[in-house]
file query-v9.cif (mmCIF, C-alpha atoms)
data_start
loop_
_atom_site.label_atom_id
_atom_site.label_comp_id
_atom_site.auth_asym_id
_atom_site.auth_seq_id
_atom_site.Cartn_x
_atom_site.Cartn_y
_atom_site.Cartn_z
CA MET A 1 -19.79 25.14 0.30
CA ASN A 2 -22.62 26.86 2.02
CA GLN A 3 -22.62 24.80 5.20
CA GLU A 4 -20.45 25.73 8.17
CA PRO A 5 -17.12 23.88 8.35
CA GLU A 6 -17.00 21.03 10.86
CA HIS A 7 -14.38 21.34 13.60
CA ILE A 8 -12.68 18.16 14.75
CA GLU A 9 -9.68 17.21 16.85
CA CYS A 10 -8.26 14.40 14.75
CA LEU A 11 -8.93 13.59 11.10
CA ILE A 12 -7.68 10.29 9.69
CA ILE A 13 -7.49 10.01 5.91
CA GLY A 14 -7.59 6.44 4.60
CA SER A 15 -8.75 3.11 5.92
CA GLY A 16 -6.23 0.31 5.65
CA PRO A 17 -4.53 -1.26 8.68
CA ALA A 18 -2.74 2.06 9.37
CA GLY A 19 -5.90 4.18 9.27
CA TYR A 20 -8.05 1.88 11.39
CA THR A 21 -5.28 1.34 13.97
CA ALA A 22 -4.75 5.09 14.21
CA ALA A 23 -8.52 5.44 14.75
CA ILE A 24 -8.47 2.79 17.53
CA TYR A 25 -5.67 4.59 19.40
CA ALA A 26 -7.02 8.10 18.80
CA ALA A 27 -10.49 7.02 20.02
CA ARG A 28 -9.03 5.54 23.19
CA ALA A 29 -7.14 8.80 23.76
CA ASP A 30 -10.49 10.61 23.63
CA MET A 31 -9.60 12.54 20.48
CA LYS A 32 -12.97 11.70 18.87
CA PRO A 33 -11.34 10.82 15.55
CA VAL A 34 -13.18 11.09 12.25
CA LEU A 35 -11.93 8.69 9.57
CA TYR A 36 -12.71 8.98 5.87
CA GLU A 37 -12.40 5.63 4.13
CA GLY A 38 -11.45 6.91 0.67
CA LEU A 39 -11.89 5.17 -2.68
CA GLN A 40 -10.99 1.71 -1.45
CA PRO A 41 -12.42 1.19 2.05
CA GLY A 42 -10.10 -1.22 3.81
CA GLY A 43 -7.22 -0.43 1.47
CA GLN A 44 -5.08 -2.88 -0.49
CA LEU A 45 -5.99 -5.79 1.79
CA THR A 46 -9.50 -5.85 0.38
CA ILE A 47 -8.09 -7.08 -2.94
CA THR A 48 -5.95 -9.81 -1.40
CA THR A 49 -7.67 -13.05 -0.69
CA GLU A 50 -6.16 -14.82 2.29
CA VAL A 51 -3.87 -13.21 4.84
CA GLU A 52 -1.73 -15.79 6.64
CA ASN A 53 1.05 -13.64 8.06
CA TYR A 54 -0.89 -11.36 10.43
CA PRO A 55 -0.33 -12.41 14.06
CA GLY A 56 -3.40 -13.59 15.92
CA TYR A 57 -5.05 -15.42 13.02
CA PRO A 58 -3.63 -18.94 13.29
CA ASP A 59 -5.93 -20.25 10.54
CA GLY A 60 -5.45 -17.22 8.29
CA VAL A 61 -8.14 -14.69 7.50
CA MET A 62 -9.60 -13.20 4.32
CA GLY A 63 -8.28 -9.66 3.69
CA PRO A 64 -11.75 -8.02 3.49
CA GLU A 65 -12.92 -9.79 6.66
CA MET A 66 -9.84 -8.68 8.57
CA MET A 67 -10.35 -5.05 7.54
CA ASP A 68 -14.00 -5.31 8.56
CA LEU A 69 -12.90 -6.46 12.02
CA PHE A 70 -10.42 -3.55 12.28
CA LYS A 71 -13.24 -1.17 11.36
CA LYS A 72 -15.70 -2.65 13.88
CA GLN A 73 -13.11 -2.30 16.63
CA ALA A 74 -12.46 1.35 15.75
CA VAL A 75 -16.20 2.11 15.70
CA ARG A 76 -16.84 0.29 18.99
CA LEU A 77 -14.17 2.44 20.66
CA GLY A 78 -15.79 5.62 19.38
CA ALA A 79 -14.21 6.43 16.02
CA ASP A 80 -16.54 8.08 13.52
CA VAL A 81 -15.88 6.13 10.31
CA ARG A 82 -17.37 7.73 7.20
CA PHE A 83 -17.56 6.85 3.56
CA GLY A 84 -16.10 9.69 1.53
CA MET A 85 -12.98 10.96 -0.08
CA VAL A 86 -10.67 13.84 0.75
CA THR A 87 -10.44 15.88 -2.44
CA ALA A 88 -8.34 18.87 -1.36
CA VAL A 89 -6.24 20.03 1.56
CA GLU A 90 -4.85 23.33 2.75
CA PHE A 91 -2.15 22.72 5.32
CA LYS A 92 -0.40 25.31 7.44
CA ASP A 93 2.37 24.68 9.90
CA GLY A 94 0.89 24.11 13.37
CA GLY A 95 -2.66 24.11 12.02
CA PRO A 96 -5.53 24.11 12.21
CA GLN A 97 -5.73 22.25 8.90
CA LYS A 98 -8.39 22.80 6.27
CA ILE A 99 -9.66 19.74 4.40
CA THR A 100 -12.31 19.35 1.72
CA VAL A 101 -14.26 16.09 1.47
CA ASP A 102 -16.13 15.04 -1.69
CA TYR A 103 -15.50 18.49 -3.22
CA ASN A 104 -18.14 20.19 -1.07
CA LYS A 105 -17.71 19.58 2.66
CA GLU A 106 -15.19 21.55 4.66
CA ILE A 107 -13.44 20.29 7.79
CA ILE A 108 -11.14 22.16 10.13
CA ALA A 109 -8.93 19.65 11.95
CA GLU A 110 -6.44 20.22 14.75
CA THR A 111 -4.44 17.15 13.74
CA VAL A 112 -4.39 15.11 10.53
CA VAL A 113 -3.14 11.54 10.14
CA ILE A 114 -2.52 10.54 6.51
CA CYS A 115 -2.98 6.81 5.83
CA THR A 116 -3.77 6.89 2.13
CA GLY A 117 -1.51 3.93 1.30
CA ALA A 118 -0.16 3.00 -2.08
CA SER A 119 -1.55 1.21 -5.09
CA ALA A 120 0.29 -1.47 -7.01
CA LYS A 121 1.06 -0.60 -10.60
CA TRP A 122 -0.46 -3.12 -13.00
CA LEU A 123 0.29 -4.06 -16.59
CA GLY A 124 -3.22 -3.14 -17.70
CA LEU A 125 -4.22 -6.43 -19.32
CA PRO A 126 -7.90 -7.47 -19.11
CA SER A 127 -6.81 -11.01 -18.20
CA GLU A 128 -4.75 -9.62 -15.33
CA GLU A 129 -7.84 -7.95 -13.89
CA LYS A 130 -10.04 -10.99 -14.52
CA LEU A 131 -7.66 -13.37 -12.75
CA ASN A 132 -6.74 -11.04 -9.88
CA GLY A 133 -7.08 -13.24 -6.80
CA GLY A 134 -7.14 -16.32 -9.04
CA GLY A 135 -3.37 -16.54 -9.31
CA VAL A 136 -2.55 -12.93 -10.23
CA SER A 137 -1.00 -10.96 -7.37
CA ALA A 138 1.09 -7.85 -6.77
CA CYS A 139 2.68 -9.16 -3.59
CA ALA A 140 4.91 -12.23 -3.66
CA VAL A 141 5.61 -12.03 0.07
CA CYS A 142 1.85 -12.06 0.78
CA ASP A 143 0.76 -14.72 -1.69
CA GLY A 144 3.81 -16.72 -2.77
CA PHE A 145 3.16 -19.29 -0.06
CA PHE A 146 0.06 -20.56 -1.92
CA TYR A 147 2.25 -21.68 -4.84
CA ARG A 148 4.72 -23.88 -2.98
CA GLY A 149 6.31 -26.40 -5.30
CA MET A 150 4.58 -24.92 -8.37
CA ASP A 151 5.77 -22.94 -11.41
CA VAL A 152 5.19 -19.18 -11.33
CA ALA A 153 6.12 -16.05 -13.30
CA ILE A 154 7.06 -12.58 -12.12
CA VAL A 155 7.23 -9.35 -14.13
CA GLY A 156 9.70 -6.59 -13.29
CA ALA A 157 13.35 -5.61 -13.45
CA GLY A 158 13.98 -3.54 -10.31
CA ASP A 159 15.20 -4.42 -6.83
CA THR A 160 11.72 -5.35 -5.61
CA ALA A 161 11.16 -7.71 -8.55
CA CYS A 162 14.54 -9.36 -7.89
CA GLU A 163 13.85 -9.67 -4.17
CA GLU A 164 10.44 -11.17 -4.82
CA ALA A 165 11.84 -13.54 -7.46
CA SER A 166 14.46 -14.77 -4.96
CA TYR A 167 11.76 -15.19 -2.34
CA LEU A 168 9.58 -17.19 -4.75
CA ALA A 169 12.55 -19.32 -5.86
CA LYS A 170 12.89 -20.62 -2.28
CA ILE A 171 9.35 -21.99 -2.19
CA CYS A 172 8.36 -22.57 -5.83
CA ASN A 173 9.57 -25.20 -8.27
CA LYS A 174 10.43 -22.74 -11.03
CA VAL A 175 10.27 -18.96 -11.47
CA TYR A 176 10.12 -17.31 -14.90
CA MET A 177 11.24 -13.71 -14.67
CA ILE A 178 9.85 -11.50 -17.42
CA VAL A 179 12.17 -8.53 -18.07
CA ARG A 180 11.21 -5.97 -20.73
CA LYS A 181 14.72 -4.81 -21.65
CA ASP A 182 17.96 -6.72 -22.18
CA HIS A 183 19.13 -5.76 -18.68
CA PHE A 184 17.92 -5.23 -15.11
CA ARG A 185 17.26 -1.91 -13.41
CA ALA A 186 18.11 -3.56 -10.09
CA SER A 187 21.33 -3.08 -8.15
CA LYS A 188 24.21 -5.34 -9.17
CA ALA A 189 23.97 -7.36 -5.96
CA MET A 190 20.29 -8.17 -6.50
CA GLN A 191 20.93 -8.93 -10.16
CA HIS A 192 23.71 -11.41 -9.35
CA ARG A 193 21.53 -13.08 -6.75
CA VAL A 194 18.81 -13.72 -9.34
CA GLU A 195 21.25 -14.80 -12.07
CA ASN A 196 22.87 -17.30 -9.71
CA THR A 197 19.61 -18.90 -8.59
CA LYS A 198 19.19 -22.17 -10.47
CA ASN A 199 15.40 -22.29 -10.63
CA ILE A 200 14.95 -18.72 -11.91
CA GLU A 201 14.81 -18.44 -15.69
CA ILE A 202 15.23 -14.85 -16.90
CA LEU A 203 13.38 -13.96 -20.10
CA TYR A 204 15.02 -10.75 -21.37
CA ASN A 205 13.43 -8.48 -24.02
CA SER A 206 10.11 -10.01 -23.04
CA GLU A 207 6.63 -8.71 -22.38
CA THR A 208 3.45 -10.35 -21.16
CA ASP A 209 1.14 -10.88 -24.11
CA GLU A 210 -1.65 -12.58 -22.15
CA ILE A 211 -2.32 -14.44 -18.92
CA LEU A 212 -4.18 -17.63 -19.81
CA GLY A 213 -6.89 -19.40 -17.79
CA ASP A 214 -10.65 -19.24 -17.30
CA HIS A 215 -10.97 -18.85 -13.54
CA VAL A 216 -7.43 -19.42 -12.35
CA VAL A 217 -4.04 -18.83 -13.94
CA GLU A 218 -2.98 -21.75 -16.14
CA ALA A 219 -0.22 -20.25 -18.31
CA VAL A 220 1.37 -17.03 -19.53
CA ARG A 221 2.04 -16.09 -23.14
CA VAL A 222 5.20 -14.06 -23.50
CA VAL A 223 6.28 -12.11 -26.59
CA ASN A 224 9.91 -11.31 -27.38
CA ASN A 225 9.87 -7.60 -28.24
CA VAL A 226 12.92 -7.94 -30.51
CA THR A 227 12.03 -11.03 -32.58
CA GLY A 228 8.25 -10.98 -32.14
CA GLU A 229 8.33 -14.66 -31.18
CA LYS A 230 5.59 -15.80 -28.77
CA ARG A 231 5.95 -18.60 -26.23
CA GLU A 232 3.65 -20.08 -23.60
CA PHE A 233 4.76 -21.20 -20.15
CA PRO A 234 2.43 -23.26 -17.92
CA ILE A 235 2.27 -21.54 -14.50
CA LYS A 236 -0.07 -21.33 -11.50
CA GLY A 237 0.90 -17.93 -10.11
CA PHE A 238 1.59 -14.64 -11.89
CA PHE A 239 3.22 -11.83 -9.89
CA VAL A 240 3.45 -8.20 -10.94
CA ALA A 241 6.39 -6.32 -9.41
CA ILE A 242 6.65 -3.15 -11.45
CA GLY A 243 6.33 -0.84 -8.47
CA HIS A 244 3.79 0.92 -6.30
CA GLN A 245 2.38 4.39 -6.55
CA PRO A 246 1.72 6.10 -3.21
CA ASN A 247 -1.70 7.80 -3.11
CA THR A 248 -0.29 11.16 -2.05
CA GLU A 249 -0.88 13.43 -5.04
CA ILE A 250 -3.19 15.87 -3.18
CA PHE A 251 -0.54 16.59 -0.52
CA LYS A 252 2.33 17.42 -2.86
CA ASP A 253 2.15 21.20 -2.45
CA TYR A 254 2.55 20.92 1.33
CA LEU A 255 4.52 17.86 2.34
CA ASP A 256 8.08 16.73 1.68
CA MET A 257 8.13 13.64 -0.53
CA ASP A 258 10.76 11.54 -2.24
CA ASP A 259 10.98 11.33 -6.02
CA GLN A 260 8.39 8.53 -6.10
CA GLY A 261 5.84 10.45 -4.06
CA TYR A 262 6.31 8.71 -0.70
CA ILE A 263 5.78 11.16 2.16
CA ILE A 264 8.96 11.70 4.17
CA THR A 265 8.53 11.32 7.94
CA LYS A 266 11.07 12.35 10.56
CA SER A 267 13.15 9.46 11.84
CA ASP A 268 11.61 7.29 14.59
CA SER A 269 8.31 9.11 14.25
CA THR A 270 5.35 9.78 11.98
CA TYR A 271 5.90 13.57 11.94
CA THR A 272 5.89 15.18 8.50
CA ASN A 273 7.53 18.55 7.75
CA MET A 274 4.18 20.18 8.62
CA GLU A 275 3.51 20.49 12.38
CA GLY A 276 0.22 18.75 13.25
CA VAL A 277 0.23 16.51 10.15
CA PHE A 278 1.33 12.89 10.55
CA CYS A 279 1.70 10.01 8.12
CA ALA A 280 1.55 6.24 8.59
CA GLY A 281 1.47 3.07 6.52
CA ASP A 282 2.31 2.61 2.86
CA ALA A 283 2.01 6.30 1.98
CA GLN A 284 5.39 6.67 3.71
CA ASP A 285 6.78 3.11 3.84
CA LYS A 286 8.25 1.70 0.65
CA VAL A 287 10.50 -0.78 2.43
CA TYR A 288 8.28 -3.24 4.32
CA ARG A 289 4.76 -2.65 2.99
CA GLN A 290 3.11 -5.23 5.26
CA ALA A 291 -0.23 -5.03 7.05
CA VAL A 292 1.42 -5.54 10.43
CA THR A 293 3.99 -2.75 9.94
CA ALA A 294 1.27 -0.41 8.63
CA ALA A 295 -0.84 -1.10 11.73
CA GLY A 296 2.18 -0.42 13.94
CA SER A 297 2.85 2.93 12.30
CA GLY A 298 -0.86 3.81 12.59
CA CYS A 299 -0.52 3.34 16.35
CA MET A 300 2.60 5.55 16.34
CA ALA A 301 0.80 8.29 14.39
CA ALA A 302 -2.12 8.44 16.83
CA LEU A 303 0.26 8.58 19.79
CA ASP A 304 2.35 11.27 18.07
CA ALA A 305 -0.77 13.31 17.26
CA GLU A 306 -2.11 13.04 20.80
CA ARG A 307 1.21 14.04 22.39
CA TRP A 308 1.69 16.90 19.97
CA LEU A 309 -1.82 18.21 20.65
CA SER A 310 -1.58 18.02 24.44
CA HIS A 311 1.78 19.79 24.30
CA LYS A 312 0.19 22.51 22.16
CA HIS A 313 -2.77 22.84 24.53
CA SER A 314 -0.54 23.03 27.60
CA LEU A 315 1.49 25.77 25.93
CA ALA A 316 -1.71 27.66 25.08
CA GLY A 317 -2.84 27.27 28.71
CA MET A 318 0.35 28.96 29.87
CA HIS A 319 -0.38 32.13 27.89
#

call {"tool": "encode", "arguments": {"input": "query-v9.cif", "output": "structure tokens"}}
result
Amino acid sequence: MNQEPEHIECLIIGSGPAGYTAAIYAARADMKPVLYEGLQPGGQLTITTEVENYPGYPDGVMGPEMMDLFKKQAVRLGADVRFGMVTAVEFKDGGPQKITVDYNKEIIAETVVICTGASAKWLGLPSEEKLNGGGVSACAVCDGFFYRGMDVAIVGAGDTACEEASYLAKICNKVYMIVRKDHFRASKAMQHRVENTKNIEILYNSETDEILGDHVVEAVRVVNNVTGEKREFPIKGFFVAIGHQPNTEIFKDYLDMDDQGYIITKSDSTYTNMEGVFCAGDAQDKVYRQAVTAAGSGCMAALDAERWLSHKHSLAGMH
């Protein structure tokens, strides 16, 4: 690191709906934000196909196109959007914060907004990767609509899997629920809801052997992990609901997190336990996880950062 560190007012880490919205608001507040896009520019939405539930797009919009529009808007308003990844941080209460990008560039930032999102956990089957977007999805609420009246399968045994199975059961003809053990991990209430839904068939002690289909999902082959028996079920949609992993590993020495790694923010705000560091989107939200709520919290984070900074400056001016 021979070059001088770069000094900036507002650094935004991550580029989904939360990151780009934070950049739009921070740019309009004249904070000259710098945003690093990270490993997946545009975030999780770039791997979804069509987004139909974001207000303002009556005909729906492709996820990558929508994120491109968010980015263009941020850039037009003056945000400096860069390709690169934050590889280390050194936070101190009240700042300024020290951040390393791509292992070799140092930035000193007065405020930091973390929008690193979360990544869906996958089963790790080659067919799952091949058919991602062709019937394989990690978000029933986002994509279930495309399978109205059809047969689908969902993998998982927790509350989210049960919620998504119930959601799918309302719009799909039949839902096969693939549960690895002989019981659910979900709360009793969610479990009863699933068990009492007529068009959900629960396959206990079952694992996904293979998702079948050339370009789109046509069936799933399930193996019973007690008897070894394999069965095939014709389906059109295959949903994975085995959890999300927030992309927050590099902040763990500095920020309060829950046991899953979600960053804890103070209630009704995006403040973390570290003054001058804010968090928005799926890195802190494990409840809603929607593009529109992520964008909303990105707006909150930029407003919080701007207010915090002007308060700090006015205090400094008094001394």

call {"tool": "closest_residue", "arguments": {"input": "query-v9.cif", "among": "A:Gly237, A:Pro55, A:Gly296, A:Gly94", "to": "Gly135 of chain A", "atoms": "all atoms listed in the file"}}
result
A:Gly237

call {"tool": "atom_distance", "arguments": {"input": "query-v9.cif", "atom1": "atom CA of Tyr167 of chain A", "atom2": "atom CA of Gly144 of chain A"}}
result
8.1 Å

call {"tool": "resolve_selection", "arguments": {"input": "query-v9.cif", "expression": "the PyMOL selection byres ((chain A and resi 303) around 12)", "output": "NGL selection string"}}
result
:A and (10 or 21-31 or 111 or 113 or 269-271 or 278-280 or 296-302 or 304-310)

call {"tool": "atom_distance", "arguments": {"input": "query-v9.cif", "atom1": "atom CA of Thr160 of chain A", "atom2": "atom CA of Val179 of chain A"}}
result
12.9 Å

call {"tool": "resolve_selection", "arguments": {"input": "query-v9.cif", "expression": "the PyMOL selection byres ((chain A and resi 118-127) around 7)", "output": "list in words"}}
result
Thr116, Gly117, Glu128, Glu129, Lys130, Leu131, Ala138, Glu210, Ile211, Val240, Ile242, Gly243, His244, Gln245, Pro246, Asn247, Asp282 and Ala283 of chain A

call {"tool": "residues_around", "arguments": {"input": "query-v9.cif", "residues": "Tyr176 of chain A", "least_positions_apart": "3", "cutoff": "9 Å", "atoms": "all atoms listed in the file", "output": "VMD selection string"}}
result
chain A and resid 151 to 155 165 199 to 203 233 235

call {"tool": "resolve_selection", "arguments": {"input": "query-v9.cif", "expression": "the PyMOL selection byres ((chain A and resi 262-264) around 8)", "output": "PyMOL selection string"}}
result
chain A and resi 246+248+255-261+265-266+272-273+279+283-286

call {"tool": "closest_residue", "arguments": {"input": "query-v9.cif", "among": "A:Glu110, A:Glu50, A:Glu275, A:Asp80", "to": "Gly133 of chain A", "atoms": "only C-alpha atoms"}}
result
A:Glu50

call {"tool": "residues_near_point", "arguments": {"input": "query-v9.cif", "point": "(-9.5, 2.3, 12.8)", "cutoff": "10 Å", "atoms": "all atoms listed in the file", "output": "PyMOL selection string"}}
result
chain A and resi 12+14-27+33-35+37+42+67-81+295+298-299

call {"tool": "closest_residue", "arguments": {"input": "query-v9.cif", "among": "A:Val51, A:Ile108, A:Val222, A:Leu315", "to": "Glu4 of chain A", "atoms": "all atoms listed in the file"}}
result
A:Ile108

call {"tool": "atom_distance", "arguments": {"input": "query-v9.cif", "atom1": "atom CA of Tyr147 of chain A", "atom2": "atom CA of Val216 of chain A"}}
result
12.5 Å

call {"tool": "residues_around", "arguments": {"input": "query-v9.cif", "residues": "Ile99 of chain A", "least_positions_apart": "5", "cutoff": "12 Å", "atoms": "only C-alpha atoms", "output": "CSV table (one decimal) with C-alpha atoms, in the frame of the given file"}}
result
chain,number,residue,atom,x,y,z
A,5,PRO,CA,-17.1,23.9,8.4
A,6,GLU,CA,-17.0,21.0,10.9
A,7,HIS,CA,-14.4,21.3,13.6
A,8,ILE,CA,-12.7,18.2,14.8
A,10,CYS,CA,-8.3,14.4,14.8
A,11,LEU,CA,-8.9,13.6,11.1
A,12,ILE,CA,-7.7,10.3,9.7
A,13,ILE,CA,-7.5,10.0,5.9
A,36,TYR,CA,-12.7,9.0,5.9
A,85,MET,CA,-13.0,11.0,-0.1
A,86,VAL,CA,-10.7,13.8,0.8
A,87,THR,CA,-10.4,15.9,-2.4
A,88,ALA,CA,-8.3,18.9,-1.4
A,89,VAL,CA,-6.2,20.0,1.6
A,90,GLU,CA,-4.8,23.3,2.8
A,91,PHE,CA,-2.2,22.7,5.3
A,92,LYS,CA,-0.4,25.3,7.4
A,104,ASN,CA,-18.1,20.2,-1.1
A,105,LYS,CA,-17.7,19.6,2.7
A,106,GLU,CA,-15.2,21.6,4.7
A,107,ILE,CA,-13.4,20.3,7.8
A,108,ILE,CA,-11.1,22.2,10.1
A,109,ALA,CA,-8.9,19.6,12.0
A,110,GLU,CA,-6.4,20.2,14.8
A,111,THR,CA,-4.4,17.2,13.7
A,112,VAL,CA,-4.4,15.1,10.5
A,113,VAL,CA,-3.1,11.5,10.1
A,114,ILE,CA,-2.5,10.5,6.5
A,250,ILE,CA,-3.2,15.9,-3.2
A,251,PHE,CA,-0.5,16.6,-0.5
A,277,VAL,CA,0.2,16.5,10.2

call {"tool": "closest_residue", "arguments": {"input": "query-v9.cif", "among": "A:Asn53, A:Thr100, A:Thr208, A:Gln191", "to": "Glu164 of chain A", "atoms": "all atoms listed in the file"}}
result
A:Gln191

call {"tool": "closest_residue", "arguments": {"input": "query-v9.cif", "among": "A:Cys172, A:Asp159, A:Gly134, A:Ala186", "to": "Lys198 of chain A", "atoms": "all atoms listed in the file"}}
result
A:Cys172

call {"tool": "closest_residue", "arguments": {"input": "query-v9.cif", "among": "A:Met274, A:Ala241, A:Val141, A:Ser187", "to": "Tyr254 of chain A", "atoms": "all atoms listed in the file"}}
result
A:Met274

call {"tool": "build_atoms", "arguments": {"input": "query-v9.cif", "residues": "segment 60-87 of chain A", "atoms": "N, CA and C atoms", "output": "PDB file, in the coordinates of the input"}}
result
ATOM      1  N   GLY A  60      -5.352 -18.164   9.405  1.00  0.00           N
ATOM      2  CA  GLY A  60      -5.450 -17.220   8.290  1.00  0.00           C
ATOM      3  C   GLY A  60      -6.784 -16.509   8.325  1.00  0.00           C
ATOM      4  N   VAL A  61      -6.901 -15.464   7.534  1.00  0.00           N
ATOM      5  CA  VAL A  61      -8.140 -14.690   7.500  1.00  0.00           C
ATOM      6  C   VAL A  61      -8.229 -14.041   6.119  1.00  0.00           C
ATOM      7  N   MET A  62      -9.443 -13.871   5.616  1.00  0.00           N
ATOM      8  CA  MET A  62      -9.600 -13.200   4.320  1.00  0.00           C
ATOM      9  C   MET A  62      -9.330 -11.708   4.525  1.00  0.00           C
ATOM     10  N   GLY A  63      -8.628 -11.085   3.580  1.00  0.00           N
ATOM     11  CA  GLY A  63      -8.280  -9.660   3.690  1.00  0.00           C
ATOM     12  C   GLY A  63      -9.480  -8.769   4.001  1.00  0.00           C
ATOM     13  N   PRO A  64     -10.588  -8.880   3.225  1.00  0.00           N
ATOM     14  CA  PRO A  64     -11.750  -8.020   3.490  1.00  0.00           C
ATOM     15  C   PRO A  64     -12.343  -8.233   4.884  1.00  0.00           C
ATOM     16  N   GLU A  65     -12.357  -9.500   5.332  1.00  0.00           N
ATOM     17  CA  GLU A  65     -12.920  -9.790   6.660  1.00  0.00           C
ATOM     18  C   GLU A  65     -12.060  -9.161   7.745  1.00  0.00           C
ATOM     19  N   MET A  66     -10.738  -9.253   7.577  1.00  0.00           N
ATOM     20  CA  MET A  66      -9.840  -8.680   8.570  1.00  0.00           C
ATOM     21  C   MET A  66     -10.028  -7.168   8.670  1.00  0.00           C
ATOM     22  N   MET A  67     -10.168  -6.501   7.510  1.00  0.00           N
ATOM     23  CA  MET A  67     -10.350  -5.050   7.540  1.00  0.00           C
ATOM     24  C   MET A  67     -11.707  -4.675   8.150  1.00  0.00           C
ATOM     25  N   ASP A  68     -12.690  -5.535   7.953  1.00  0.00           N
ATOM     26  CA  ASP A  68     -14.000  -5.310   8.560  1.00  0.00           C
ATOM     27  C   ASP A  68     -13.903  -5.384  10.086  1.00  0.00           C
ATOM     28  N   LEU A  69     -13.095  -6.328  10.572  1.00  0.00           N
ATOM     29  CA  LEU A  69     -12.900  -6.460  12.020  1.00  0.00           C
ATOM     30  C   LEU A  69     -12.156  -5.245  12.587  1.00  0.00           C
ATOM     31  N   PHE A  70     -11.144  -4.772  11.860  1.00  0.00           N
ATOM     32  CA  PHE A  70     -10.420  -3.550  12.280  1.00  0.00           C
ATOM     33  C   PHE A  70     -11.419  -2.393  12.405  1.00  0.00           C
ATOM     34  N   LYS A  71     -12.277  -2.281  11.403  1.00  0.00           N
ATOM     35  CA  LYS A  71     -13.240  -1.170  11.360  1.00  0.00           C
ATOM     36  C   LYS A  71     -14.214  -1.258  12.539  1.00  0.00           C
ATOM     37  N   LYS A  72     -14.746  -2.475  12.774  1.00  0.00           N
ATOM     38  CA  LYS A  72     -15.700  -2.650  13.880  1.00  0.00           C
ATOM     39  C   LYS A  72     -15.076  -2.255  15.213  1.00  0.00           C
ATOM     40  N   GLN A  73     -13.797  -2.624  15.386  1.00  0.00           N
ATOM     41  CA  GLN A  73     -13.110  -2.300  16.630  1.00  0.00           C
ATOM     42  C   GLN A  73     -12.962  -0.787  16.790  1.00  0.00           C
ATOM     43  N   ALA A  74     -12.611  -0.114  15.704  1.00  0.00           N
ATOM     44  CA  ALA A  74     -12.460   1.350  15.750  1.00  0.00           C
ATOM     45  C   ALA A  74     -13.799   2.016  16.094  1.00  0.00           C
ATOM     46  N   VAL A  75     -14.862   1.528  15.469  1.00  0.00           N
ATOM     47  CA  VAL A  75     -16.200   2.110  15.700  1.00  0.00           C
ATOM     48  C   VAL A  75     -16.652   1.845  17.136  1.00  0.00           C
ATOM     49  N   ARG A  76     -16.429   0.636  17.615  1.00  0.00           N
ATOM     50  CA  ARG A  76     -16.840   0.290  18.990  1.00  0.00           C
ATOM     51  C   ARG A  76     -16.154   1.193  20.014  1.00  0.00           C
ATOM     52  N   LEU A  77     -14.911   1.599  19.714  1.00  0.00           N
ATOM     53  CA  LEU A  77     -14.170   2.440  20.660  1.00  0.00           C
ATOM     54  C   LEU A  77     -14.489   3.921  20.488  1.00  0.00           C
ATOM     55  N   GLY A  78     -15.338   4.236  19.495  1.00  0.00           N
ATOM     56  CA  GLY A  78     -15.790   5.620  19.380  1.00  0.00           C
ATOM     57  C   GLY A  78     -15.321   6.393  18.166  1.00  0.00           C
ATOM     58  N   ALA A  79     -14.635   5.721  17.236  1.00  0.00           N
ATOM     59  CA  ALA A  79     -14.210   6.430  16.020  1.00  0.00           C
ATOM     60  C   ALA A  79     -15.430   6.637  15.117  1.00  0.00           C
ATOM     61  N   ASP A  80     -15.469   7.768  14.460  1.00  0.00           N
ATOM     62  CA  ASP A  80     -16.540   8.080  13.520  1.00  0.00           C
ATOM     63  C   ASP A  80     -16.028   7.759  12.108  1.00  0.00           C
ATOM     64  N   VAL A  81     -16.383   6.576  11.608  1.00  0.00           N
ATOM     65  CA  VAL A  81     -15.880   6.130  10.310  1.00  0.00           C
ATOM     66  C   VAL A  81     -16.902   6.500   9.231  1.00  0.00           C
ATOM     67  N   ARG A  82     -16.452   7.233   8.233  1.00  0.00           N
ATOM     68  CA  ARG A  82     -17.370   7.730   7.200  1.00  0.00           C
ATOM     69  C   ARG A  82     -16.908   7.316   5.814  1.00  0.00           C
ATOM     70  N   PHE A  83     -17.887   7.103   4.956  1.00  0.00           N
ATOM     71  CA  PHE A  83     -17.560   6.850   3.560  1.00  0.00           C
ATOM     72  C   PHE A  83     -17.402   8.202   2.891  1.00  0.00           C
ATOM     73  N   GLY A  84     -16.308   8.400   2.181  1.00  0.00           N
ATOM     74  CA  GLY A  84     -16.100   9.690   1.530  1.00  0.00           C
ATOM     75  C   GLY A  84     -14.628   9.837   1.212  1.00  0.00           C
ATOM     76  N   MET A  85     -14.343  10.819   0.383  1.00  0.00           N
ATOM     77  CA  MET A  85     -12.980  10.960  -0.080  1.00  0.00           C
ATOM     78  C   MET A  85     -12.490  12.385   0.093  1.00  0.00           C
ATOM     79  N   VAL A  86     -11.262  12.508   0.611  1.00  0.00           N
ATOM     80  CA  VAL A  86     -10.670  13.840   0.750  1.00  0.00           C
ATOM     81  C   VAL A  86     -10.214  14.291  -0.630  1.00  0.00           C
ATOM     82  N   THR A  87     -10.728  15.432  -1.077  1.00  0.00           N
ATOM     83  CA  THR A  87     -10.440  15.880  -2.440  1.00  0.00           C
ATOM     84  C   THR A  87      -9.482  17.064  -2.505  1.00  0.00           C
TER      85      THR A  87
END
